[in-house]
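Here's the structure, in structure tokens; my notes come after.
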Amino acid sequence: MPTEAREASGVFAALEIPSVVRRVMAGSPAGRLRVGQRGANRFVWFEGDRVRAITSSLEEERLGSWLVARGLVGKQAMHEVLIRKPKDERFGNALIRARLIEESRLTEELEVLSLHIAGRMLFEDGTWEVEGGWEIPPDAVVLDLPGSAMFVLAIRRAPDTGQFERLAGGGKRWVALGVPEAEGIELLPLERLVLTLLGGPRTLEELRASAPQQSRELPRALAILASAGQARWEGGTGPGSRPGDDEPQYPPASPRLREMLHLIDPEGGRRRVARHAAGGAGAGGPAVELTQEDLERLEDDKRQGVAILQRGGDPRLAYKLLQPAVDAVPDADHLVVLAEIEISNPLWRQRALDHLKLAMVLNPQLTPGWLALANYWGLRGHPDKQRRCLEKILVYNPANADVLDAIDLLDKQG
């Protein structure tokens with residue numbers, strides 16, 4: 001295994017550490033990146049384009065202290081394991097051998113801790129230095145993640161205490177970078193929408209004017225795009241850029257998301273919608289203008305499709321009416337109806353998932369949407385994801401007896 005890395009060091013601002021990690025990995029076959037922030041040192045151990053471990057000098061970010069703080073292992077029992085374990089044995093293995101924690105729960109906690117540490121590196125400025133040592137310490141959190149994916153996951157898990165607003169706002173003008181999506185990262189529908197909105201430099205407030213329904217989540221989406229190397233603010237760092245390099249590269253237009261942009265736009269009258277010339281969305285195809293008559297016809301197609309399903313008619317006929325209408329004028333309720341038809345066809349399940357995710361972006365409190373997502377993950381054999389979808393309903397409807405019963409049944413089955 002390589003043990004030498006090209007020496008490098010520098011400084012970074014908040015949200016710029018993912019860009020630093022990408023540059024370091026591109027220039028060094030393996031090594032350790034030391035990240036210094038406010039007197040604390042955190043270390044990212046990497047090989048090629050993969051993060052292998054992450055450690056911290058802070059006691060509360062060490063595995064033992066983390067498990068004690070979360071009430072999973074007693075402090076005295078933890079101390080005894082530390083004293084008695086062989087020097088070369090990994091701490092986690094010693095905990096499992098002592099039957100203080102199950103392997104599956106430890107794996108889950110290691111992931112949560114690593115993303116917690118990664119998240120702490122995102123929100124402050126600091127210094128960085130590449131070091132050549134590669135021997136991972138026995139108490140390290142062992143990982144196998146692409147660098148960018150690690151930070152994206154960290155942002156998605158991080159509680160919003162106002163840091164996203166602070167980092168994304170303040171008059172920063174954001175630009176898209178037009179680079180391919182990195183390995184291990186799948187952008188969510190809202191993030192793709194924001195990327196499409198960045199067809200030119202836009203501030204957070206300008207984005208909110210174009211997508212008022214998603215106002216609250218836009219700062220987090222911008223932070224995710226920055227971490228994924230998909231966007232940056234003018235003067236910030238990104239793939240192939242340095243501070244002061246403000247010439248953006250724009251991503252190719254996404255017809256589906258451009259539809260959403262124009263439909264969200266509050267300006268009335270006739271709305272320009274990027275739509276395939278033959279009718280229905282598709283990649284390519286010239287943009288055409290939908291009149292009020294067009295919109296009314298599409299809404300009527302939706303109503304007819306739903307009516308067919310309600311009276312027990314042929315789902316295929318309903319789908320032929322719903323699919324082009326929903327594709328041209330997406331709304332949360334009909335996206336869910338469309339997805340429920342698609343779920344029954346194994347070849348269409350990814351399409352169903354995409355439609356359900358888009359529906360929940362448009363209306364995060366749509367109970368039938370969360371129930372459909374829960375059903376999707378149940379069919380795919382993911383009870384943990386099924387439960388999380390049901391729990392989303394309890395956030396805004398905590399007394400929903402059917403959902404509480406469903407969660408109770410999942411717990412008994414588990």
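Residue numbers start at 1 in each chain; chains themselves are named A, B, ... in the order of the structure tokens; ligands are numbered from 1 in the order shown.
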
Would you mind listing what lies within 8 Å of Gln230 in chain A as a list of chain:residue names, with only C-alpha atoms counted and same-chain residues fewer than 5 positions away left out?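 The residues satisfying every condition are A:Ala176, A:Leu177, A:Gly178, A:Val179, A:Pro180, A:Glu181, A:Leu195, A:Leu225, A:Gly238.
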
For Leu335 in chain A, find every residue with an atom within 9 Å (counting only C-alpha atoms), except residues of its own chain fewer than 3 positions away, and show them as a PyMOL selection string. chain A and resi 322-323+326-327+330-332+338-340+352+355-356+358-359+369

In Å, how far is it from CA of Val73 in chain A to CA of Leu95 in chain A?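 Distance reported for this atom pair: 9.1 Å.
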
Can you tell me which residues surround Asn375 in chain A at a distance of at most 9 Å, considering only C-alpha atoms, apart from same-chain residues fewer than 5 positions away, and format the answer as a PyMOL selection string? chain A and resi 370+380+386

Could you take the residues named above and write them with C-alpha atoms, as a CSV table (one decimal), in the first residue's frame?
chain,number,residue,atom,x,y,z
A,370,TRP,CA,-45.4,9.1,2.3
A,380,ARG,CA,-38.3,-3.8,-1.9
A,386,GLN,CA,-40.4,2.0,5.2

Looking at only C-alpha atoms, which of A:Glu108, A:Trp348, A:Phe46, A:Ala30 is the one that sits closest to Leu67 in chain A? A:Glu108

From a DSSP calculation on the backbone, collect every residue of range 355-397 of chain A in alpha helix (DSSP H) and output the set as number ranges by chain. A: 355-362, 367-379, 383-396

Selection above as a file: C-alpha atoms, as a compact mmCIF listing (two decimals), in the first residue's frame:
# COMPACT_ATOMS: atom_id res chain seq x y z
CA HIS A 355 -42.14 10.35 -9.22
CA LEU A 356 -42.72 9.82 -5.48
CA LYS A 357 -39.58 11.75 -4.55
CA LEU A 358 -40.67 14.62 -6.77
CA ALA A 359 -44.13 14.58 -5.20
CA MET A 360 -42.69 14.90 -1.70
CA VAL A 361 -40.56 17.85 -2.79
CA LEU A 362 -43.66 19.60 -4.08
CA THR A 367 -49.78 11.70 3.55
CA PRO A 368 -50.71 9.48 0.54
CA GLY A 369 -47.25 10.21 -0.86
CA TRP A 370 -45.42 9.06 2.27
CA LEU A 371 -47.68 5.99 2.45
CA ALA A 372 -46.87 5.16 -1.18
CA LEU A 373 -43.16 5.56 -0.48
CA ALA A 374 -43.50 3.32 2.58
CA ASN A 375 -45.25 0.72 0.40
CA TYR A 376 -42.48 1.01 -2.20
CA TRP A 377 -39.73 0.31 0.32
CA GLY A 378 -41.79 -2.48 1.89
CA LEU A 379 -42.05 -4.21 -1.48
CA PRO A 383 -38.30 -2.03 6.54
CA ASP A 384 -35.96 0.64 7.93
CA LYS A 385 -36.74 2.99 5.02
CA GLN A 386 -40.41 2.00 5.22
CA ARG A 387 -40.48 3.05 8.87
CA ARG A 388 -38.75 6.38 8.15
CA CYS A 389 -41.43 7.23 5.58
CA LEU A 390 -44.17 6.51 8.11
CA GLU A 391 -42.37 8.61 10.72
CA LYS A 392 -42.41 11.57 8.32
CA ILE A 393 -46.21 11.61 8.64
CA LEU A 394 -45.99 11.75 12.44
CA VAL A 395 -43.94 14.94 12.21
CA TYR A 396 -47.01 16.90 11.10
